[in-house]
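Listing of my_file.csv; format and content: CSV, N, CA, C and O atoms.
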```
chain,number,residue,atom,x,y,z
S,12,MET,N,-5.0,27.2,-118.8
S,12,MET,CA,-5.0,26.0,-118.0
S,12,MET,C,-6.4,25.8,-117.4
S,12,MET,O,-6.9,24.7,-117.3
S,13,ARG,N,-7.1,26.9,-117.1
S,13,ARG,CA,-8.5,26.8,-116.6
S,13,ARG,C,-9.4,26.0,-117.6
S,13,ARG,O,-10.2,25.2,-117.2
S,14,PHE,N,-9.2,26.3,-118.9
S,14,PHE,CA,-10.0,25.6,-119.9
S,14,PHE,C,-9.8,24.1,-119.8
S,14,PHE,O,-10.8,23.4,-119.8
S,15,PHE,N,-8.6,23.7,-119.8
S,15,PHE,CA,-8.3,22.3,-119.8
S,15,PHE,C,-8.7,21.6,-118.5
S,15,PHE,O,-9.3,20.5,-118.5
S,16,TYR,N,-8.5,22.2,-117.3
S,16,TYR,CA,-8.9,21.6,-116.1
S,16,TYR,C,-10.4,21.7,-115.9
S,16,TYR,O,-10.9,20.9,-115.1
S,17,SER,N,-11.1,22.6,-116.5
S,17,SER,CA,-12.5,22.7,-116.3
S,17,SER,C,-13.2,21.5,-116.9
S,17,SER,O,-14.3,21.2,-116.4
S,18,GLY,N,-12.6,20.8,-117.8
S,18,GLY,CA,-13.2,19.5,-118.3
S,18,GLY,C,-12.9,18.3,-117.5
S,18,GLY,O,-13.4,17.2,-117.8
S,19,ALA,N,-12.1,18.5,-116.4
S,19,ALA,CA,-11.7,17.3,-115.6
S,19,ALA,C,-12.9,16.8,-114.9
S,19,ALA,O,-13.8,17.6,-114.5
S,20,SER,N,-13.0,15.5,-114.7
S,20,SER,CA,-14.0,14.9,-113.9
S,20,SER,C,-13.5,13.6,-113.3
S,20,SER,O,-12.6,13.0,-113.8
S,21,GLU,N,-14.1,13.2,-112.2
S,21,GLU,CA,-13.8,11.9,-111.6
S,21,GLU,C,-14.3,10.8,-112.6
S,21,GLU,O,-15.4,10.9,-113.1
S,22,CYS,N,-13.5,9.8,-112.8
S,22,CYS,CA,-13.8,8.7,-113.6
S,22,CYS,C,-13.9,7.4,-112.8
S,22,CYS,O,-12.8,7.0,-112.3
S,23,PRO,N,-15.1,7.0,-112.5
S,23,PRO,CA,-15.1,5.8,-111.6
S,23,PRO,C,-14.5,4.5,-112.3
S,23,PRO,O,-14.4,4.5,-113.5
S,24,ILE,N,-14.1,3.6,-111.4
S,24,ILE,CA,-13.6,2.3,-111.9
S,24,ILE,C,-14.6,1.3,-111.6
S,24,ILE,O,-15.2,1.2,-110.5
S,25,ASP,N,-14.9,0.5,-112.6
S,25,ASP,CA,-16.0,-0.5,-112.5
S,25,ASP,C,-15.5,-1.8,-111.8
S,25,ASP,O,-14.3,-1.8,-111.4
S,26,ARG,N,-16.3,-2.8,-111.6
S,26,ARG,CA,-15.9,-4.0,-110.9
S,26,ARG,C,-14.8,-4.7,-111.6
S,26,ARG,O,-14.1,-5.5,-110.9
S,27,LEU,N,-14.6,-4.5,-112.9
S,27,LEU,CA,-13.6,-5.2,-113.6
S,27,LEU,C,-12.3,-4.4,-113.7
S,27,LEU,O,-11.3,-4.8,-114.4
S,28,GLY,N,-12.2,-3.2,-113.0
S,28,GLY,CA,-11.1,-2.4,-113.0
S,28,GLY,C,-10.9,-1.5,-114.2
S,28,GLY,O,-9.8,-0.9,-114.4
S,29,ARG,N,-12.0,-1.3,-114.9
S,29,ARG,CA,-12.0,-0.4,-116.1
S,29,ARG,C,-12.3,1.0,-115.7
S,29,ARG,O,-13.1,1.2,-114.8
S,30,ILE,N,-11.6,2.0,-116.3
S,30,ILE,CA,-11.9,3.4,-116.1
S,30,ILE,C,-13.0,3.8,-117.0
S,30,ILE,O,-12.9,3.6,-118.2
S,31,LEU,N,-14.0,4.4,-116.4
S,31,LEU,CA,-15.2,4.8,-117.2
S,31,LEU,C,-15.1,6.3,-117.6
S,31,LEU,O,-15.3,7.1,-116.7
S,32,ILE,N,-14.7,6.6,-118.8
S,32,ILE,CA,-14.5,7.9,-119.2
S,32,ILE,C,-15.8,8.5,-119.7
S,32,ILE,O,-16.5,7.9,-120.5
S,33,PRO,N,-16.2,9.7,-119.1
S,33,PRO,CA,-17.5,10.3,-119.5
S,33,PRO,C,-17.6,10.5,-121.0
S,33,PRO,O,-16.6,10.8,-121.7
S,34,GLN,N,-18.8,10.4,-121.5
S,34,GLN,CA,-19.1,10.6,-122.9
S,34,GLN,C,-18.6,11.9,-123.4
S,34,GLN,O,-18.0,12.0,-124.5
S,35,SER,N,-18.7,13.0,-122.6
S,35,SER,CA,-18.3,14.3,-123.1
S,35,SER,C,-16.8,14.3,-123.4
S,35,SER,O,-16.3,14.9,-124.4
S,36,LEU,N,-16.0,13.6,-122.5
S,36,LEU,CA,-14.6,13.6,-122.8
S,36,LEU,C,-14.2,12.7,-123.9
S,36,LEU,O,-13.3,12.9,-124.7
S,37,ARG,N,-15.0,11.6,-124.1
S,37,ARG,CA,-14.8,10.7,-125.2
S,37,ARG,C,-15.0,11.4,-126.5
S,37,ARG,O,-14.3,11.3,-127.5
S,38,ASN,N,-16.1,12.2,-126.5
S,38,ASN,CA,-16.4,13.0,-127.7
S,38,ASN,C,-15.3,14.0,-128.0
S,38,ASN,O,-14.8,14.2,-129.2
S,39,TYR,N,-14.8,14.7,-127.0
S,39,TYR,CA,-13.8,15.8,-127.1
S,39,TYR,C,-12.5,15.1,-127.7
S,39,TYR,O,-11.8,15.7,-128.5
S,40,ALA,N,-12.1,14.0,-127.2
S,40,ALA,CA,-10.9,13.3,-127.6
S,40,ALA,C,-11.1,12.4,-128.9
S,40,ALA,O,-10.2,11.8,-129.3
S,41,ALA,N,-12.3,12.4,-129.4
S,41,ALA,CA,-12.6,11.6,-130.6
S,41,ALA,C,-12.3,10.1,-130.4
S,41,ALA,O,-11.9,9.4,-131.2
S,42,ILE,N,-12.6,9.7,-129.1
S,42,ILE,CA,-12.4,8.3,-128.8
S,42,ILE,C,-13.6,7.5,-129.2
S,42,ILE,O,-14.7,7.7,-128.8
S,43,LYS,N,-13.4,6.5,-130.1
S,43,LYS,CA,-14.5,5.7,-130.6
S,43,LYS,C,-14.4,4.3,-130.0
S,43,LYS,O,-15.4,3.8,-129.5
S,44,LYS,N,-13.2,3.7,-129.9
S,44,LYS,CA,-13.1,2.4,-129.4
S,44,LYS,C,-11.8,2.2,-128.6
S,44,LYS,O,-11.7,2.1,-127.4
S,45,ASN,N,-10.7,2.1,-129.4
S,45,ASN,CA,-9.4,1.8,-128.8
S,45,ASN,C,-8.7,3.1,-128.4
S,45,ASN,O,-8.8,4.1,-129.0
S,46,VAL,N,-7.9,3.0,-127.3
S,46,VAL,CA,-7.1,4.1,-126.8
S,46,VAL,C,-5.7,3.7,-126.5
S,46,VAL,O,-5.4,2.5,-126.5
S,47,VAL,N,-4.9,4.7,-126.4
S,47,VAL,CA,-3.5,4.5,-126.0
S,47,VAL,C,-3.2,5.4,-124.8
S,47,VAL,O,-3.6,6.5,-124.7
S,48,ILE,N,-2.6,4.7,-123.8
S,48,ILE,CA,-2.3,5.4,-122.5
S,48,ILE,C,-0.8,5.8,-122.6
S,48,ILE,O,0.0,4.9,-122.7
S,49,VAL,N,-0.5,7.0,-122.4
S,49,VAL,CA,0.8,7.5,-122.6
S,49,VAL,C,1.3,8.2,-121.2
S,49,VAL,O,0.6,9.0,-120.7
S,50,GLY,N,2.5,7.7,-120.8
S,50,GLY,CA,3.1,8.4,-119.6
S,50,GLY,C,3.6,9.7,-119.9
S,50,GLY,O,4.3,9.9,-121.0
S,51,MET,N,3.3,10.7,-119.1
S,51,MET,CA,3.7,12.1,-119.4
S,51,MET,C,4.2,12.7,-118.1
S,51,MET,O,3.4,13.3,-117.3
S,52,ASN,N,5.5,12.4,-117.8
S,52,ASN,CA,6.1,12.8,-116.5
S,52,ASN,C,5.3,12.2,-115.3
S,52,ASN,O,5.3,11.0,-115.3
S,53,LYS,N,4.6,13.0,-114.5
S,53,LYS,CA,3.9,12.4,-113.4
S,53,LYS,C,2.4,12.2,-113.7
S,53,LYS,O,1.6,12.0,-112.8
S,54,LYS,N,2.0,12.3,-114.9
S,54,LYS,CA,0.6,12.2,-115.3
S,54,LYS,C,0.5,11.1,-116.5
S,54,LYS,O,1.5,10.7,-117.0
S,55,ILE,N,-0.7,10.8,-116.8
S,55,ILE,CA,-0.9,10.0,-118.0
S,55,ILE,C,-1.9,10.7,-118.9
S,55,ILE,O,-2.6,11.6,-118.5
S,56,GLU,N,-1.8,10.4,-120.2
S,56,GLU,CA,-2.7,10.9,-121.2
S,56,GLU,C,-3.4,9.8,-121.8
S,56,GLU,O,-2.8,8.7,-122.0
S,57,ILE,N,-4.6,10.0,-122.2
S,57,ILE,CA,-5.4,9.0,-122.9
S,57,ILE,C,-5.8,9.5,-124.2
S,57,ILE,O,-6.4,10.6,-124.3
S,58,TRP,N,-5.3,8.8,-125.3
S,58,TRP,CA,-5.5,9.3,-126.6
S,58,TRP,C,-6.3,8.3,-127.4
S,58,TRP,O,-6.2,7.1,-127.2
S,59,ALA,N,-7.1,8.8,-128.4
S,59,ALA,CA,-7.7,7.9,-129.4
S,59,ALA,C,-6.6,7.3,-130.1
S,59,ALA,O,-5.6,8.0,-130.5
S,60,ASP,N,-6.6,6.0,-130.4
S,60,ASP,CA,-5.5,5.4,-131.1
S,60,ASP,C,-5.1,6.0,-132.4
S,60,ASP,O,-4.0,6.1,-132.8
S,61,GLU,N,-6.1,6.4,-133.2
S,61,GLU,CA,-5.8,7.1,-134.5
S,61,GLU,C,-5.1,8.4,-134.3
S,61,GLU,O,-4.2,8.7,-135.0
S,62,ALA,N,-5.5,9.2,-133.3
S,62,ALA,CA,-4.9,10.5,-133.0
S,62,ALA,C,-3.4,10.3,-132.6
S,62,ALA,O,-2.5,11.0,-133.0
S,63,TRP,N,-3.2,9.3,-131.7
S,63,TRP,CA,-1.9,9.0,-131.2
S,63,TRP,C,-1.0,8.6,-132.4
S,63,TRP,O,0.2,9.0,-132.5
S,64,ALA,N,-1.5,7.8,-133.3
S,64,ALA,CA,-0.7,7.3,-134.4
S,64,ALA,C,-0.3,8.5,-135.3
S,64,ALA,O,0.9,8.6,-135.8
S,65,GLU,N,-1.1,9.5,-135.4
S,65,GLU,CA,-0.8,10.7,-136.1
S,65,GLU,C,0.3,11.5,-135.4
S,65,GLU,O,1.3,12.0,-136.0
S,66,ILE,N,0.2,11.6,-134.1
S,66,ILE,CA,1.3,12.3,-133.3
S,66,ILE,C,2.6,11.6,-133.5
S,66,ILE,O,3.6,12.3,-133.7
S,67,VAL,N,2.6,10.3,-133.5
S,67,VAL,CA,3.9,9.5,-133.6
S,67,VAL,C,4.4,9.8,-135.0
S,67,VAL,O,5.6,10.0,-135.2
S,68,ARG,N,3.6,9.7,-136.0
S,68,ARG,CA,4.0,10.0,-137.4
S,68,ARG,C,4.7,11.4,-137.6
S,68,ARG,O,5.8,11.5,-138.1
S,69,GLU,N,4.0,12.4,-137.0
S,69,GLU,CA,4.6,13.7,-137.0
S,69,GLU,C,5.9,13.8,-136.3
S,69,GLU,O,6.9,14.4,-136.8
S,70,ALA,N,5.9,13.2,-135.1
S,70,ALA,CA,7.1,13.3,-134.3
S,70,ALA,C,8.3,12.6,-134.9
S,70,ALA,O,9.5,13.0,-134.7
S,71,THR,N,8.1,11.5,-135.6
S,71,THR,CA,9.2,10.8,-136.1
S,71,THR,C,9.5,11.1,-137.6
S,71,THR,O,10.4,10.5,-138.2
S,72,SER,N,8.8,12.0,-138.2
S,72,SER,CA,9.0,12.3,-139.6
S,72,SER,C,10.3,13.1,-139.8
S,72,SER,O,10.8,13.1,-140.9
S,73,ASP,N,10.7,13.9,-138.9
S,73,ASP,CA,12.0,14.7,-139.0
S,73,ASP,C,13.0,14.1,-138.0
S,73,ASP,O,13.0,14.5,-136.8
S,74,ARG,N,13.8,13.2,-138.4
S,74,ARG,CA,14.7,12.5,-137.5
S,74,ARG,C,15.7,13.4,-136.9
S,74,ARG,O,16.0,13.3,-135.7
S,75,GLU,N,16.2,14.4,-137.6
S,75,GLU,CA,17.1,15.4,-137.1
S,75,GLU,C,16.5,16.2,-135.9
S,75,GLU,O,17.1,16.4,-134.9
S,76,LYS,N,15.3,16.7,-136.2
S,76,LYS,CA,14.6,17.4,-135.1
S,76,LYS,C,14.4,16.6,-133.9
S,76,LYS,O,14.5,17.0,-132.8
S,77,MET,N,14.0,15.3,-134.1
S,77,MET,CA,13.8,14.4,-133.0
S,77,MET,C,15.0,14.2,-132.2
S,77,MET,O,15.0,14.2,-131.0
S,78,MET,N,16.2,14.1,-132.9
S,78,MET,CA,17.4,13.9,-132.2
S,78,MET,C,17.8,15.1,-131.4
S,78,MET,O,18.3,15.0,-130.3
S,79,ASP,N,17.6,16.3,-131.9
S,79,ASP,CA,17.8,17.6,-131.2
S,79,ASP,C,17.0,17.7,-130.0
S,79,ASP,O,17.5,18.1,-128.9
S,80,ILE,N,15.7,17.3,-130.0
S,80,ILE,CA,14.9,17.4,-128.9
S,80,ILE,C,15.3,16.4,-127.8
S,80,ILE,O,15.4,16.7,-126.6
S,81,ALA,N,15.6,15.2,-128.2
S,81,ALA,CA,16.1,14.2,-127.3
S,81,ALA,C,17.4,14.7,-126.6
S,81,ALA,O,17.6,14.5,-125.4
S,82,SER,N,18.3,15.3,-127.4
S,82,SER,CA,19.5,15.8,-126.8
S,82,SER,C,19.2,17.0,-125.8
S,82,SER,O,19.8,17.0,-124.7
S,83,ASP,N,18.3,17.9,-126.2
S,83,ASP,CA,17.9,18.9,-125.2
S,83,ASP,C,17.3,18.4,-123.9
S,83,ASP,O,17.5,19.0,-122.9
S,84,LEU,N,16.7,17.3,-124.0
S,84,LEU,CA,16.1,16.6,-122.8
S,84,LEU,C,17.1,15.8,-122.0
S,84,LEU,O,16.8,15.3,-121.0
S,85,GLY,N,18.3,15.7,-122.6
S,85,GLY,CA,19.3,14.9,-121.9
S,85,GLY,C,19.1,13.4,-122.1
S,85,GLY,O,19.5,12.6,-121.3
S,86,LEU,N,18.4,13.0,-123.2
S,86,LEU,CA,18.1,11.6,-123.4
S,86,LEU,C,19.1,11.0,-124.4
S,86,LEU,O,19.7,11.6,-125.2
```

Can I see the file as structure tokens?
Amino acid sequence: MRFFYSGASECPIDRLGRILIPQSLRNYAAIKKNVVIVGMNKKIEIWADEAWAEIVREATSDREKMMDIASDLGL
């Protein structure tokens, strides 16, 4: 957990309401241009759109496993 939180930083919001993500975090997340913002319980995650598309492909490739996980979560 220390490793992940050690990379945390305040991200200022500009006059247009945009969140300015530091270059070091953009590099780490391989963010080039477009991002996907994902709700994760009480937090949000910001993903490079290509990386998120891969996560979705993996998660939906095994329908039976996906149904089991949804059932375990009570969904």

* Mind listing the strand (DSSP E) residues of range 42-72 of chain S, per DSSP on the backbone, as a ChimeraX atom specification? => /S:46-51,54-59

* **Residues near range 36-43 of chain S, cut-off 8 Å, only N, CA, C and O atoms, skip fewer than 6 positions along chain, as a count of residues only** => 8

Running DSSP on the backbone, which parts of range 12-76 of chain S land in helix (DSSP H, G or I), as an mmCIF file with N, CA, C and O atoms, keeping the file's coordinate frame?
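Saved result, out-v6.cif, follows:
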```
data_model
loop_
_atom_site.group_PDB
_atom_site.id
_atom_site.type_symbol
_atom_site.label_atom_id
_atom_site.label_comp_id
_atom_site.auth_asym_id
_atom_site.auth_seq_id
_atom_site.Cartn_x
_atom_site.Cartn_y
_atom_site.Cartn_z
ATOM 1 N N ARG S 13 -7.100 26.900 -117.100
ATOM 2 C CA ARG S 13 -8.500 26.800 -116.600
ATOM 3 C C ARG S 13 -9.400 26.000 -117.600
ATOM 4 O O ARG S 13 -10.200 25.200 -117.200
ATOM 5 N N PHE S 14 -9.200 26.300 -118.900
ATOM 6 C CA PHE S 14 -10.000 25.600 -119.900
ATOM 7 C C PHE S 14 -9.800 24.100 -119.800
ATOM 8 O O PHE S 14 -10.800 23.400 -119.800
ATOM 9 N N PHE S 15 -8.600 23.700 -119.800
ATOM 10 C CA PHE S 15 -8.300 22.300 -119.800
ATOM 11 C C PHE S 15 -8.700 21.600 -118.500
ATOM 12 O O PHE S 15 -9.300 20.500 -118.500
ATOM 13 N N TYR S 16 -8.500 22.200 -117.300
ATOM 14 C CA TYR S 16 -8.900 21.600 -116.100
ATOM 15 C C TYR S 16 -10.400 21.700 -115.900
ATOM 16 O O TYR S 16 -10.900 20.900 -115.100
ATOM 17 N N SER S 17 -11.100 22.600 -116.500
ATOM 18 C CA SER S 17 -12.500 22.700 -116.300
ATOM 19 C C SER S 17 -13.200 21.500 -116.900
ATOM 20 O O SER S 17 -14.300 21.200 -116.400
ATOM 21 N N GLN S 34 -18.800 10.400 -121.500
ATOM 22 C CA GLN S 34 -19.100 10.600 -122.900
ATOM 23 C C GLN S 34 -18.600 11.900 -123.400
ATOM 24 O O GLN S 34 -18.000 12.000 -124.500
ATOM 25 N N SER S 35 -18.700 13.000 -122.600
ATOM 26 C CA SER S 35 -18.300 14.300 -123.100
ATOM 27 C C SER S 35 -16.800 14.300 -123.400
ATOM 28 O O SER S 35 -16.300 14.900 -124.400
ATOM 29 N N LEU S 36 -16.000 13.600 -122.500
ATOM 30 C CA LEU S 36 -14.600 13.600 -122.800
ATOM 31 C C LEU S 36 -14.200 12.700 -123.900
ATOM 32 O O LEU S 36 -13.300 12.900 -124.700
ATOM 33 N N ARG S 37 -15.000 11.600 -124.100
ATOM 34 C CA ARG S 37 -14.800 10.700 -125.200
ATOM 35 C C ARG S 37 -15.000 11.400 -126.500
ATOM 36 O O ARG S 37 -14.300 11.300 -127.500
ATOM 37 N N ASN S 38 -16.100 12.200 -126.500
ATOM 38 C CA ASN S 38 -16.400 13.000 -127.700
ATOM 39 C C ASN S 38 -15.300 14.000 -128.000
ATOM 40 O O ASN S 38 -14.800 14.200 -129.200
ATOM 41 N N TYR S 39 -14.800 14.700 -127.000
ATOM 42 C CA TYR S 39 -13.800 15.800 -127.100
ATOM 43 C C TYR S 39 -12.500 15.100 -127.700
ATOM 44 O O TYR S 39 -11.800 15.700 -128.500
ATOM 45 N N ASP S 60 -6.600 6.000 -130.400
ATOM 46 C CA ASP S 60 -5.500 5.400 -131.100
ATOM 47 C C ASP S 60 -5.100 6.000 -132.400
ATOM 48 O O ASP S 60 -4.000 6.100 -132.800
ATOM 49 N N GLU S 61 -6.100 6.400 -133.200
ATOM 50 C CA GLU S 61 -5.800 7.100 -134.500
ATOM 51 C C GLU S 61 -5.100 8.400 -134.300
ATOM 52 O O GLU S 61 -4.200 8.700 -135.000
ATOM 53 N N ALA S 62 -5.500 9.200 -133.300
ATOM 54 C CA ALA S 62 -4.900 10.500 -133.000
ATOM 55 C C ALA S 62 -3.400 10.300 -132.600
ATOM 56 O O ALA S 62 -2.500 11.000 -133.000
ATOM 57 N N TRP S 63 -3.200 9.300 -131.700
ATOM 58 C CA TRP S 63 -1.900 9.000 -131.200
ATOM 59 C C TRP S 63 -1.000 8.600 -132.400
ATOM 60 O O TRP S 63 0.200 9.000 -132.500
ATOM 61 N N ALA S 64 -1.500 7.800 -133.300
ATOM 62 C CA ALA S 64 -0.700 7.300 -134.400
ATOM 63 C C ALA S 64 -0.300 8.500 -135.300
ATOM 64 O O ALA S 64 0.900 8.600 -135.800
ATOM 65 N N GLU S 65 -1.100 9.500 -135.400
ATOM 66 C CA GLU S 65 -0.800 10.700 -136.100
ATOM 67 C C GLU S 65 0.300 11.500 -135.400
ATOM 68 O O GLU S 65 1.300 12.000 -136.000
ATOM 69 N N ILE S 66 0.200 11.600 -134.100
ATOM 70 C CA ILE S 66 1.300 12.300 -133.300
ATOM 71 C C ILE S 66 2.600 11.600 -133.500
ATOM 72 O O ILE S 66 3.600 12.300 -133.700
ATOM 73 N N VAL S 67 2.600 10.300 -133.500
ATOM 74 C CA VAL S 67 3.900 9.500 -133.600
ATOM 75 C C VAL S 67 4.400 9.800 -135.000
ATOM 76 O O VAL S 67 5.600 10.000 -135.200
ATOM 77 N N ARG S 68 3.600 9.700 -136.000
ATOM 78 C CA ARG S 68 4.000 10.000 -137.400
ATOM 79 C C ARG S 68 4.700 11.400 -137.600
ATOM 80 O O ARG S 68 5.800 11.500 -138.100
ATOM 81 N N GLU S 69 4.000 12.400 -137.000
ATOM 82 C CA GLU S 69 4.600 13.700 -137.000
ATOM 83 C C GLU S 69 5.900 13.800 -136.300
ATOM 84 O O GLU S 69 6.900 14.400 -136.800
ATOM 85 N N ALA S 70 5.900 13.200 -135.100
ATOM 86 C CA ALA S 70 7.100 13.300 -134.300
ATOM 87 C C ALA S 70 8.300 12.600 -134.900
ATOM 88 O O ALA S 70 9.500 13.000 -134.700
ATOM 89 N N THR S 71 8.100 11.500 -135.600
ATOM 90 C CA THR S 71 9.200 10.800 -136.100
ATOM 91 C C THR S 71 9.500 11.100 -137.600
ATOM 92 O O THR S 71 10.400 10.500 -138.200
ATOM 93 N N SER S 72 8.800 12.000 -138.200
ATOM 94 C CA SER S 72 9.000 12.300 -139.600
ATOM 95 C C SER S 72 10.300 13.100 -139.800
ATOM 96 O O SER S 72 10.800 13.100 -140.900
ATOM 97 N N ARG S 74 13.800 13.200 -138.400
ATOM 98 C CA ARG S 74 14.700 12.500 -137.500
ATOM 99 C C ARG S 74 15.700 13.400 -136.900
ATOM 100 O O ARG S 74 16.000 13.300 -135.700
ATOM 101 N N GLU S 75 16.200 14.400 -137.600
ATOM 102 C CA GLU S 75 17.100 15.400 -137.100
ATOM 103 C C GLU S 75 16.500 16.200 -135.900
ATOM 104 O O GLU S 75 17.100 16.400 -134.900
ATOM 105 N N LYS S 76 15.300 16.700 -136.200
ATOM 106 C CA LYS S 76 14.600 17.400 -135.100
ATOM 107 C C LYS S 76 14.400 16.600 -133.900
ATOM 108 O O LYS S 76 14.500 17.000 -132.800
#
```

* Have a look at atom N of Pro33 in chain S and atom N of Ser20 in chain S and let me know their distance in Å, one decimal. =>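 Atom N of Ser20 in chain S lies 8.0 Å from atom N of Pro33 in chain S.
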
* **Separation of CA of Asn52 in chain S from CA of Arg68 in chain S, in Å and rounded to one decimal** => 21.2 Å

* Distance atom O of Val46 in chain S-CA of Ala64 in chain S, one decimal place? -> 10.4 Å

Should you be able to, write range 28-40 of chain S of this structure into a file that contains N, CA, C and O atoms, as a JSON list (two decimals), in the first residue's frame.
```json
[["chain", "number", "residue", "atom", "x", "y", "z"],
["S", 28, "GLY", "N", -12.02, 23.75, -15.00],
["S", 28, "GLY", "CA", -12.50, 22.60, -14.24],
["S", 28, "GLY", "C", -11.82, 21.30, -14.59],
["S", 28, "GLY", "O", -12.29, 20.23, -14.21],
["S", 29, "ARG", "N", -10.69, 21.38, -15.28],
["S", 29, "ARG", "CA", -9.96, 20.16, -15.65],
["S", 29, "ARG", "C", -8.99, 19.78, -14.55],
["S", 29, "ARG", "O", -8.39, 20.64, -13.91],
["S", 30, "ILE", "N", -8.83, 18.48, -14.34],
["S", 30, "ILE", "CA", -7.86, 17.98, -13.37],
["S", 30, "ILE", "C", -6.53, 17.83, -14.09],
["S", 30, "ILE", "O", -6.44, 17.19, -15.14],
["S", 31, "LEU", "N", -5.50, 18.43, -13.53],
["S", 31, "LEU", "CA", -4.18, 18.40, -14.14],
["S", 31, "LEU", "C", -3.36, 17.28, -13.49],
["S", 31, "LEU", "O", -2.87, 17.42, -12.38],
["S", 32, "ILE", "N", -3.24, 16.16, -14.19],
["S", 32, "ILE", "CA", -2.51, 15.00, -13.67],
["S", 32, "ILE", "C", -1.02, 15.20, -13.94],
["S", 32, "ILE", "O", -0.62, 15.46, -15.08],
["S", 33, "PRO", "N", -0.18, 15.05, -12.89],
["S", 33, "PRO", "CA", 1.27, 15.24, -13.09],
["S", 33, "PRO", "C", 1.83, 14.29, -14.15],
["S", 33, "PRO", "O", 1.36, 13.17, -14.31],
["S", 34, "GLN", "N", 2.85, 14.75, -14.84],
["S", 34, "GLN", "CA", 3.47, 13.96, -15.91],
["S", 34, "GLN", "C", 3.94, 12.61, -15.41],
["S", 34, "GLN", "O", 3.80, 11.61, -16.10],
["S", 35, "SER", "N", 4.51, 12.55, -14.20],
["S", 35, "SER", "CA", 5.00, 11.27, -13.68],
["S", 35, "SER", "C", 3.88, 10.24, -13.58],
["S", 35, "SER", "O", 4.08, 9.06, -13.89],
["S", 36, "LEU", "N", 2.68, 10.68, -13.18],
["S", 36, "LEU", "CA", 1.55, 9.75, -13.09],
["S", 36, "LEU", "C", 1.01, 9.41, -14.47],
["S", 36, "LEU", "O", 0.59, 8.27, -14.70],
["S", 37, "ARG", "N", 1.03, 10.37, -15.40],
["S", 37, "ARG", "CA", 0.61, 10.07, -16.77],
["S", 37, "ARG", "C", 1.54, 9.04, -17.40],
["S", 37, "ARG", "O", 1.09, 8.12, -18.08],
["S", 38, "ASN", "N", 2.84, 9.17, -17.14],
["S", 38, "ASN", "CA", 3.80, 8.20, -17.66],
["S", 38, "ASN", "C", 3.54, 6.82, -17.05],
["S", 38, "ASN", "O", 3.51, 5.82, -17.77],
["S", 39, "TYR", "N", 3.35, 6.76, -15.74],
["S", 39, "TYR", "CA", 3.14, 5.49, -15.05],
["S", 39, "TYR", "C", 1.90, 4.77, -15.57],
["S", 39, "TYR", "O", 1.90, 3.56, -15.75],
["S", 40, "ALA", "N", 0.85, 5.53, -15.83],
["S", 40, "ALA", "CA", -0.41, 4.94, -16.30],
["S", 40, "ALA", "C", -0.48, 4.84, -17.82],
["S", 40, "ALA", "O", -1.49, 4.41, -18.36]]
```
